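Undergrad: What follows is a structure written as C-alpha cells; I'll ask about it next.
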Amino acid sequence: MRRVFRLIALAAATAGIAACGSDGASGPPTLNLYTFTAGSGGAFEAAVKDCNEKAGGRYRIVIQDLPPNADDQREQLARRLAAKDASIDIAALDVIFTGEFAEAKWIVPFPEAQAEEVRRGTIASTVETGTYQDQLYAAPFTSNTQLLWYRKDRVDSPPKTWDEMFQQARELGGANGVIEIQGAQAEGYVVWFNALIQSAGGRILSSPTKVDLPDGPTRAALQVMQTASKRPFADPSQPTQAEDEGRIAFETGGPSFMVNYPFIYPSAEENAPDVFKNIGAARFPSVSASEPSAPPLGGLNLAVGAYSKNREESFEAAMCIREPRNQLLATELGGLPPTQESLFDDEVVRKAYPGFADLMLESIKAAGPRPATPAYSDLSLGIQETLHPPSSVSQSDASTLRETLQDALDGKGLL
Amino acid sequence: MSSVAAKAAPPTAAPATAKGKRHLTDKQKGERKLAYMLCAPAVIAMLLVTAYPVLYALWLSLRRSDLRFPDASEFVGLTNYITVLTSSTWWSVLGATTLITVVSVAIELVLGMALALVMHRIIFARGPVRAAILIPYGIITVVAALSWQYMFTPENGFLPFGISQSALLADTAGQYIAIIATEVWKTTPFMALLLLAGLAIVPDELHEAAKVDGATAIQRFFRITLPLMKPAILVALLFRTLDAFRLFDSAFVLTNGDFRTVSILGYDQLITRLNLGLGSAVSVLIFLCVLIIAALFVKGFGTAAPGAGDDR
C-alpha cells in the first residue's frame with residue numbers, strides 16, 4: 001500500500017516538474033496558434049515556419065489543430081477561453097466570431113500602431129469583420145467569397161438575378177435545372193439568407209442588439225428561398241447539403257448552377273474533368289435587378305487571446321503570419337484568397353483563380369458581411385430553426401423571424 | 001443504495017429482520033462497520049461524479065448564466081423554467097422524442113423477443129448465431145449512424161430501387177423513419193439479450209406439464225413464458241425507454257443536428273449558445289421526465305418490479 005502511495009507521489013512530482021519546464025523563463029516563449037489546418041494544403045505550417053525563421057529567436061510558434069468546421073472551432077475555442085486558458089496565444093477566428101469573443105473579453109484589441117498597419121491596403125470589408133466597437137480585435141489573414149458557378153455549355157450568359165437564374169434553369173429542366181445552394185441546417189444556410197437579404201437591400205440587424213429585417217427586402221429574400229426549394233431547382237437532398245455535398249452533386253454533371261466558394265474549382269479539375277471544361281464563374285446573383293448583389297464573405301482573422309502570457313510577442317507573430325508573402329502562400333497552397341488588395345495582381349493569385357481573380361476581388365469588396373453581434377450564434381441558430389428546411393419557408397416567417405431573433409439577441413427564449 | 005449496503009453485510013446474520021437490528025452482537029456491529037467502510041469509497045465517488053454535477057446543474061438552472069456574458073450572471077428563480085415550458089419548441093421536441101421512444105421500443109420488444117426465442121431454442125451453431133445477433137450492439141453508435149447516413153443519401157446511398165432517390169433524410173417523416181430504423185437495428189440485440197436472461201428462468205417442467213395437458217405452443221407462450229418473464233420484460237423495457245428518451249448520438253449524426261430530441265435541444269442551449277442557465281433548465285427537465293418514466297414503470301408493474309418484494 002505504502003509503495004503505491006510513494007509511486008503516486010513520485011508521478012505527481014514528475015508531472016509538476018514537466019509542467020514547469022514547458023513555460024520556464026529561459027529560452028524564447030512558445031506561442032500556440034490555434035487554427036484548423038485540414039484542407040489548407042500546408043499553408044499554415046508554411047507561414048509558421050517562415051515566421052519562426054524571421055523571429056530570430058524572439059518567439060517560436062506552434063500550431064494546435066482545430067476541427068475544419070467553423071461551428072466546431074468556435075465550440076473548442078469558446079470552452080477553453082471561458083475557462084481562461086492561458087495556452088491560447090493566437091487564435092484563427094472565422095469572420096463571424098469577432099463580436100462574441102470581443103464582448104466576452106476573450107480576445108484583446110490590437111495596439112493602435114499595429115491596427116493602423118493592418119488597415120493599410122487591406123480590403124475594407126475584411127477589416128470590418130475583425131472590428132468590434134471601432135477597435136480591431138482580429139487581423140484579416142485570408143478572405144473568401146462565393147461566386148455563381150454555371151455551365152458554359154448550357155447557359156449563354158450568366159444570370160444577374162435569382163429570377164433570371166430560375167428562368168434559365170426552368171428552360172433547362174429536369175436534372176439540369178438544379179441550382180445547388182447550401183440547404184443543410186448549418187452556418188452555410190445563414191450565409192445564404194444573409195446574402196439574399198442584403199442583395200434585396202435589407203439587413204438582419206441595425207445594431208448589435210436590435211433586429212432590423214425590413215418587410216419588403218425580407219419578403220423578397222424569403223420568396224427566393226421558397227422558389228429555390230421547388231422543382232426543378234431543388235436538389236432532392238437540398239435540406240441536407242452543405243458546401244461540400246453541393247460540390248459533389250455539381251461534379252456529377254447534372255446541375256447547371258451552383259453558388260459556392262472557389263474551392264470547387266481545383267476539386268472539379270481533379271475529380272470531374274468533363275464538368276471542369278465547362279465551368280464558368282460569375283458574380284453572386286442579386287435579388288432585385290436594380291440593387292447590386294451582396295455576395296457572402298468568409299475568411300479567417302487572427303486574434304490574440306486575453307489570457308496569453310506573451311501578448312506582445314503574439315501580436316508580433318500575428319502580424320508576421322499575415323504578411324503579404326504568407327497570404328500568397330495561403331493562396332498558392334490552400335486556394336484561400338488574400339485580404340491585401342494589391343495581391344490580386346500577383347501572378348500567384350492569377351494562377352489560383354484563372355480568369356476570375358478580378359471577379360473574386362470585386363466580390364470580396366462588394367460583399368455583405370454577416371451581422372456583428374456578441375449573440376451571433378443565437379442569431380444563427382434562430383435563423384436556422386425558423387427558416388429550415390427551405391421547403392417550409394413561407395411569407396409569414398418574416399414576422400416570426402423578427403420576434404425569434406429579437407428574443408435570441410436579448411438572451412431570452414429557447415432556440 | 002440502501003439495499004446495496006444491506007447486501008454487503010454478511011448473510012451469516014440470518015434473522016436480521018428490522019426488529020433484530022436492535023440486538024446486534026459486537027461481531028455483527030464490527031462487520032456492519034466494515035461493510036460501511038468498504039462501501040464508503042464507492043459512495044463518495046458516486047457523490048462526486050453524480051450528485052455534485054446534478055446539484056450544480058440545478059443551481060445553474062436558477063440563474064441567468066451565459067459564458068459569453070460572465071458579468072451578467074444573477075439569480076433569476078424559475079425564469080428559465082418558465083421560458084422552457086412556455087416555449088412551443090420544447091413541447092414539439094418533447095412530442096417528437098416521445099414518439100420515437102414509444103415506436104422504437106415497441107418494435108424492439110417484438111423483434112427482441114423473437115431473437116431471444118431463437119437464441120434460446122437454437123440447437124445447432126448456438127455460439128455463432130448468438131454472436132451474430134449481438135454484432136450490431138457492439139458497433140459504436142456514431143459509426144453505425146454514419147453508415148446509415150451514407151445509405152440514405154442519394155449520391156452515394158446503397159438502398160435498392162427508388163428508395164435511395166427520395167432523399168429520406170431531407171424531410172421530417174423520413175427522418176423519423178431513418179432514426180427509428182437506426183435505433184431499432186442498433187439496440188434490438190440489447191433487448192434480446194435481456195429477454196434471453198428472462199427466458200432462461202422459465203422452468204422447462206411447466207412447459208412439459210402444459211404440453212401433456214394439451215396446450216398449444218402459442219398458449220404456452222402467452223400463459224407460461226410471458227407471465228414468468230414479467231420482471232425481465234420490465235427491466236428490458238425500462239432500460240430501453242430511458243435510453244431511447246435520452247437519444248442523442250444517432251439522431252445528431254444522421255441529420256447533422258437538424259432533427260432535435262430533448263437531449264439535442266439541451267445541447268444547443270448549452271454548447272452552441274453557451275447559455276448555461278437555460279441549458280441546465282432543459283437538462284433538469286429531462287432528468288424529471290426520466291424520473292417520471294421510471295416511477296410509472298415501477299408503479300405500473302406493481303409487485304413484479306425487482307426489489308418490490310417477491311422477485312425470485
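Residues are named by chain letter and number: chains run A, B, ... in the order of the C-alpha cells, numbers start at 1 in each chain, and ligands are numbered from 1 in the order shown.
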Using only C-alpha atoms, find each residue of chain A with at least one atom at most 8 Å away from an atom of chain B; report its shortest atom-to-atom pair and that distance in Å (one decimal), sort the rows by chain and rising residue number, and return the result as a Markdown table.
TA:
```
| residue | atom | partner | partner_atom | distance |
| --- | --- | --- | --- | --- |
| A:Glu75 | CA | B:Ile271 | CA | 6.9 |
| A:Ala82 | CA | B:Leu67 | CA | 6.2 |
| A:Glu100 | CA | B:Arg68 | CA | 7.0 |
| A:Phe101 | CA | B:Arg68 | CA | 7.6 |
| A:Glu103 | CA | B:Arg68 | CA | 7.4 |
| A:Ala104 | CA | B:Arg68 | CA | 4.8 |
| A:Gln185 | CA | B:Asp258 | CA | 6.0 |
| A:Pro236 | CA | B:Ala167 | CA | 6.0 |
| A:Ser237 | CA | B:Ala167 | CA | 5.3 |
| A:Gln238 | CA | B:Ala170 | CA | 7.1 |
| A:Pro239 | CA | B:Ala170 | CA | 5.2 |
| A:Thr240 | CA | B:Ala170 | CA | 6.0 |
| A:Ala249 | CA | B:Glu155 | CA | 7.3 |
| A:Pro374 | CA | B:Arg68 | CA | 7.8 |
| A:Ser377 | CA | B:Arg273 | CA | 6.1 |
| A:Asp378 | CA | B:Arg273 | CA | 5.8 |
| A:Lys412 | CA | B:Thr83 | CA | 7.5 |
| A:Gly413 | CA | B:Thr83 | CA | 5.8 |
| A:Leu414 | CA | B:Val84 | CA | 6.1 |
| A:Leu415 | CA | B:Gln269 | CA | 7.1 |
```
Undergrad: Would you kindly return, as a list in words, each protein, DNA or RNA residue with an atom no farther than 10 Å from any atom of A:Ser288, considering only C-alpha atoms and excluding same-chain residues fewer than 2 positions away?
TA: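 Residues meeting the cut-off are Lys160, Thr161, Trp162, Asp163, Leu196, Ser199, Ala200, Gly201, Pro217, Ala220, Ala221, Pro285, Ser286, Ser290, Glu291, Pro292 and Ser293 of chain A.
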Undergrad: Suppose you want the space between atom CA of B:Ala131 and atom CA of B:Thr182; what is it in Å?
TA: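 Result for atom CA of B:Ala131 versus atom CA of B:Thr182: 19.5 Å, one decimal.
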Undergrad: Any idea what's packed within 8 Å of A:Pro29, counting only C-alpha atoms, ignoring anything in its chain fewer than 4 positions away? Could you give it as a ChimeraX atom specification?
TA: /A:23,58-60,310
Undergrad: Taking only C-alpha atoms into account, which of A:Gln241, A:Gln223, A:Ser308, A:Gln73 comes nearest A:Asp397?
TA: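 Of A:Gln241, A:Gln223, A:Ser308, A:Gln73, the one nearest A:Asp397, counting only C-alpha atoms, is A:Gln223.
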Undergrad: Quick one: everything within 10 Å of B:Leu62, counting only C-alpha atoms, minus sequence neighbours fewer than 6 positions away in the same chain. Send it as a PyMOL selection string.
TA: chain B and resi 74-81+277-278+280-281
Undergrad: Determine which residues of stretch 69-302 of chain A DSSP labels as strand (DSSP E or B) from the backbone of this structure, then write them out as a PyMOL selection string.
TA: chain A and resi 90-94+107-108+122+131-132+135-136+138-145+147-151+161+179-180+205-207+210-211+257-260+279-282+286+297-302
Undergrad: Would you please give, as JSON, numbers by chain, all residues of stretch 45-89 of chain A that DSSP assigns to alpha helix (DSSP H) based on the backbone?
TA: {"A": [45, 46, 47, 48, 49, 50, 51, 52, 53, 54, 70, 71, 72, 73, 74, 75, 76, 77, 78, 79, 80, 81, 82]}
Undergrad: Which residues are near A:Val304? Cut-off 10 Å, only C-alpha atoms, ignore same chain within fewer than 2 positions. Put them as a PDB file with N, CA, C and O atoms, in the first residue's frame.
TA:
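This is the output file result_26.pdb:
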```
ATOM      1  N   LEU A  33      -0.600  28.681 -31.747  1.00  0.00           N
ATOM      2  CA  LEU A  33      -1.525  29.200 -32.760  1.00  0.00           C
ATOM      3  C   LEU A  33      -2.617  28.159 -32.953  1.00  0.00           C
ATOM      4  O   LEU A  33      -2.373  27.077 -33.471  1.00  0.00           O
ATOM      5  N   ILE A  88      -3.881  29.708 -25.069  1.00  0.00           N
ATOM      6  CA  ILE A  88      -4.287  30.259 -26.366  1.00  0.00           C
ATOM      7  C   ILE A  88      -3.619  31.618 -26.560  1.00  0.00           C
ATOM      8  O   ILE A  88      -4.024  32.623 -25.985  1.00  0.00           O
ATOM      9  N   ASP A  89      -2.551  31.626 -27.346  1.00  0.00           N
ATOM     10  CA  ASP A  89      -1.864  32.886 -27.625  1.00  0.00           C
ATOM     11  C   ASP A  89      -2.475  33.555 -28.847  1.00  0.00           C
ATOM     12  O   ASP A  89      -2.879  34.698 -28.809  1.00  0.00           O
ATOM     13  N   ILE A  90      -2.529  32.805 -29.936  1.00  0.00           N
ATOM     14  CA  ILE A  90      -3.129  33.340 -31.161  1.00  0.00           C
ATOM     15  C   ILE A  90      -4.211  32.357 -31.612  1.00  0.00           C
ATOM     16  O   ILE A  90      -3.999  31.149 -31.598  1.00  0.00           O
ATOM     17  N   ALA A  91      -5.373  32.882 -31.987  1.00  0.00           N
ATOM     18  CA  ALA A  91      -6.442  32.018 -32.479  1.00  0.00           C
ATOM     19  C   ALA A  91      -6.872  32.515 -33.845  1.00  0.00           C
ATOM     20  O   ALA A  91      -7.035  33.717 -34.049  1.00  0.00           O
ATOM     21  N   ALA A  92      -7.029  31.578 -34.769  1.00  0.00           N
ATOM     22  CA  ALA A  92      -7.549  31.918 -36.083  1.00  0.00           C
ATOM     23  C   ALA A  92      -9.064  31.829 -36.003  1.00  0.00           C
ATOM     24  O   ALA A  92      -9.625  30.753 -35.844  1.00  0.00           O
ATOM     25  N   TRP A 106     -12.581  37.696 -24.385  1.00  0.00           N
ATOM     26  CA  TRP A 106     -11.725  36.527 -24.573  1.00  0.00           C
ATOM     27  C   TRP A 106     -10.521  36.871 -25.448  1.00  0.00           C
ATOM     28  O   TRP A 106      -9.543  36.158 -25.480  1.00  0.00           O
ATOM     29  N   ILE A 107     -10.658  37.963 -26.235  1.00  0.00           N
ATOM     30  CA  ILE A 107      -9.551  38.402 -27.090  1.00  0.00           C
ATOM     31  C   ILE A 107      -9.311  39.883 -26.821  1.00  0.00           C
ATOM     32  O   ILE A 107     -10.202  40.573 -26.316  1.00  0.00           O
ATOM     33  N   VAL A 108      -8.110  40.331 -27.133  1.00  0.00           N
ATOM     34  CA  VAL A 108      -7.773  41.728 -26.846  1.00  0.00           C
ATOM     35  C   VAL A 108      -7.532  42.491 -28.152  1.00  0.00           C
ATOM     36  O   VAL A 108      -7.054  41.916 -29.131  1.00  0.00           O
ATOM     37  N   PRO A 109      -7.895  43.791 -28.179  1.00  0.00           N
ATOM     38  CA  PRO A 109      -7.722  44.568 -29.412  1.00  0.00           C
ATOM     39  C   PRO A 109      -6.248  44.796 -29.732  1.00  0.00           C
ATOM     40  O   PRO A 109      -5.406  44.842 -28.833  1.00  0.00           O
ATOM     41  N   PHE A 110      -5.967  44.953 -31.015  1.00  0.00           N
ATOM     42  CA  PHE A 110      -4.600  45.240 -31.451  1.00  0.00           C
ATOM     43  C   PHE A 110      -4.207  46.648 -30.996  1.00  0.00           C
ATOM     44  O   PHE A 110      -5.038  47.562 -31.031  1.00  0.00           O
ATOM     45  N   TYR A 137      -9.989  43.831 -33.359  1.00  0.00           N
ATOM     46  CA  TYR A 137      -9.733  42.706 -32.471  1.00  0.00           C
ATOM     47  C   TYR A 137      -9.071  41.541 -33.192  1.00  0.00           C
ATOM     48  O   TYR A 137      -8.443  40.696 -32.577  1.00  0.00           O
ATOM     49  N   ALA A 138      -9.299  41.462 -34.510  1.00  0.00           N
ATOM     50  CA  ALA A 138      -8.781  40.317 -35.253  1.00  0.00           C
ATOM     51  C   ALA A 138      -8.290  40.799 -36.609  1.00  0.00           C
ATOM     52  O   ALA A 138      -9.013  41.500 -37.327  1.00  0.00           O
ATOM     53  N   ALA A 139      -7.043  40.456 -36.941  1.00  0.00           N
ATOM     54  CA  ALA A 139      -6.435  40.952 -38.166  1.00  0.00           C
ATOM     55  C   ALA A 139      -6.712  39.988 -39.308  1.00  0.00           C
ATOM     56  O   ALA A 139      -6.396  38.802 -39.213  1.00  0.00           O
ATOM     57  N   LEU A 302      -6.904  36.738 -37.405  1.00  0.00           N
ATOM     58  CA  LEU A 302      -6.026  36.321 -36.313  1.00  0.00           C
ATOM     59  C   LEU A 302      -6.250  37.217 -35.101  1.00  0.00           C
ATOM     60  O   LEU A 302      -6.169  38.440 -35.200  1.00  0.00           O
ATOM     61  N   ALA A 306      -6.938  36.697 -24.602  1.00  0.00           N
ATOM     62  CA  ALA A 306      -6.850  37.642 -23.484  1.00  0.00           C
ATOM     63  C   ALA A 306      -6.020  37.082 -22.330  1.00  0.00           C
ATOM     64  O   ALA A 306      -5.533  37.832 -21.496  1.00  0.00           O
ATOM     65  N   TYR A 307      -5.874  35.762 -22.256  1.00  0.00           N
ATOM     66  CA  TYR A 307      -5.180  35.175 -21.110  1.00  0.00           C
ATOM     67  C   TYR A 307      -3.757  34.753 -21.467  1.00  0.00           C
ATOM     68  O   TYR A 307      -3.079  34.114 -20.664  1.00  0.00           O
ATOM     69  N   SER A 308      -3.325  35.119 -22.687  1.00  0.00           N
ATOM     70  CA  SER A 308      -1.978  34.772 -23.109  1.00  0.00           C
ATOM     71  C   SER A 308      -0.952  35.467 -22.220  1.00  0.00           C
ATOM     72  O   SER A 308      -1.134  36.619 -21.817  1.00  0.00           O
ATOM     73  N   ASN A 310       2.076  35.953 -23.266  1.00  0.00           N
ATOM     74  CA  ASN A 310       3.051  36.581 -24.156  1.00  0.00           C
ATOM     75  C   ASN A 310       2.346  37.464 -25.170  1.00  0.00           C
ATOM     76  O   ASN A 310       2.412  37.243 -26.373  1.00  0.00           O
ATOM     77  N   ARG A 311       1.622  38.452 -24.660  1.00  0.00           N
ATOM     78  CA  ARG A 311       0.768  39.240 -25.522  1.00  0.00           C
ATOM     79  C   ARG A 311       1.556  39.967 -26.617  1.00  0.00           C
ATOM     80  O   ARG A 311       1.203  39.917 -27.785  1.00  0.00           O
ATOM     81  N   GLU A 312       2.622  40.617 -26.205  1.00  0.00           N
ATOM     82  CA  GLU A 312       3.385  41.427 -27.158  1.00  0.00           C
ATOM     83  C   GLU A 312       3.910  40.578 -28.316  1.00  0.00           C
ATOM     84  O   GLU A 312       3.743  40.915 -29.485  1.00  0.00           O
ATOM     85  N   GLU A 313       4.524  39.447 -27.937  1.00  0.00           N
ATOM     86  CA  GLU A 313       5.073  38.558 -28.957  1.00  0.00           C
ATOM     87  C   GLU A 313       3.951  38.005 -29.836  1.00  0.00           C
ATOM     88  O   GLU A 313       4.140  37.794 -31.039  1.00  0.00           O
ATOM     89  N   SER A 314       2.778  37.767 -29.228  1.00  0.00           N
ATOM     90  CA  SER A 314       1.671  37.198 -30.003  1.00  0.00           C
ATOM     91  C   SER A 314       1.196  38.168 -31.071  1.00  0.00           C
ATOM     92  O   SER A 314       0.900  37.764 -32.198  1.00  0.00           O
ATOM     93  N   PHE A 315       1.087  39.455 -30.702  1.00  0.00           N
ATOM     94  CA  PHE A 315       0.696  40.437 -31.717  1.00  0.00           C
ATOM     95  C   PHE A 315       1.724  40.466 -32.846  1.00  0.00           C
ATOM     96  O   PHE A 315       1.381  40.494 -34.025  1.00  0.00           O
ATOM     97  N   ALA A 317       3.717  38.088 -33.767  1.00  0.00           N
ATOM     98  CA  ALA A 317       3.625  36.863 -34.563  1.00  0.00           C
ATOM     99  C   ALA A 317       2.422  36.909 -35.491  1.00  0.00           C
ATOM    100  O   ALA A 317       2.494  36.497 -36.656  1.00  0.00           O
ATOM    101  N   ALA A 318       1.284  37.437 -34.982  1.00  0.00           N
ATOM    102  CA  ALA A 318       0.082  37.529 -35.818  1.00  0.00           C
ATOM    103  C   ALA A 318       0.354  38.433 -37.016  1.00  0.00           C
ATOM    104  O   ALA A 318      -0.062  38.136 -38.147  1.00  0.00           O
TER     105      ALA A 318
END
```
Undergrad: Please provide as a PyMOL selection string all residues within 9 Å of B:Tyr137, with the sequence filter that same-chain residues fewer than 5 positions apart are discarded (counting only C-alpha atoms).
TA: chain B and resi 185-190
Undergrad: Filtering to N, CA and C atoms, could you give me those residues as a PDB file, in the first residue's frame?
TA:
```pdb
ATOM      1  N   TRP B 185     -32.252  -1.152 -35.199  1.00  0.00           N
ATOM      2  CA  TRP B 185     -31.174  -2.035 -35.663  1.00  0.00           C
ATOM      3  C   TRP B 185     -30.091  -2.145 -34.609  1.00  0.00           C
ATOM      4  N   LYS B 186     -29.801  -1.011 -34.000  1.00  0.00           N
ATOM      5  CA  LYS B 186     -28.675  -0.953 -33.082  1.00  0.00           C
ATOM      6  C   LYS B 186     -28.972  -1.603 -31.733  1.00  0.00           C
ATOM      7  N   THR B 187     -30.179  -1.422 -31.214  1.00  0.00           N
ATOM      8  CA  THR B 187     -30.405  -1.813 -29.815  1.00  0.00           C
ATOM      9  C   THR B 187     -31.306  -3.021 -29.622  1.00  0.00           C
ATOM     10  N   THR B 188     -31.888  -3.549 -30.711  1.00  0.00           N
ATOM     11  CA  THR B 188     -32.668  -4.768 -30.553  1.00  0.00           C
ATOM     12  C   THR B 188     -31.842  -5.891 -29.902  1.00  0.00           C
ATOM     13  N   PRO B 189     -30.571  -6.067 -30.287  1.00  0.00           N
ATOM     14  CA  PRO B 189     -29.775  -7.114 -29.643  1.00  0.00           C
ATOM     15  C   PRO B 189     -29.698  -6.954 -28.129  1.00  0.00           C
ATOM     16  N   PHE B 190     -29.635  -5.722 -27.663  1.00  0.00           N
ATOM     17  CA  PHE B 190     -29.583  -5.475 -26.221  1.00  0.00           C
ATOM     18  C   PHE B 190     -30.872  -5.954 -25.561  1.00  0.00           C
TER      19      PHE B 190
END
```
Undergrad: Which is closest to B:Leu276 among B:Gly30, B:Gly127, B:Met46, B:Ser73, if we use only C-alpha atoms?
TA: B:Ser73
Undergrad: Let me make sure I understand: among A:Ala78, A:Met258, A:Ile248, A:Val190, which one has the smallest atom-to-atom distance to A:Asn271 if we use only C-alpha atoms?
TA: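 Of the candidates, the smallest distance to A:Asn271 is held by A:Ile248.
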Undergrad: What's the 12 Å shell around stretch 323-332 of chain A, counting only C-alpha atoms, without same-chain residues fewer than 6 positions away, as a PyMOL selection string?
TA: chain A and resi 37+39-51+54+117-118+120-122+139-144+262-263+266+299-302+316-317+338-353+357
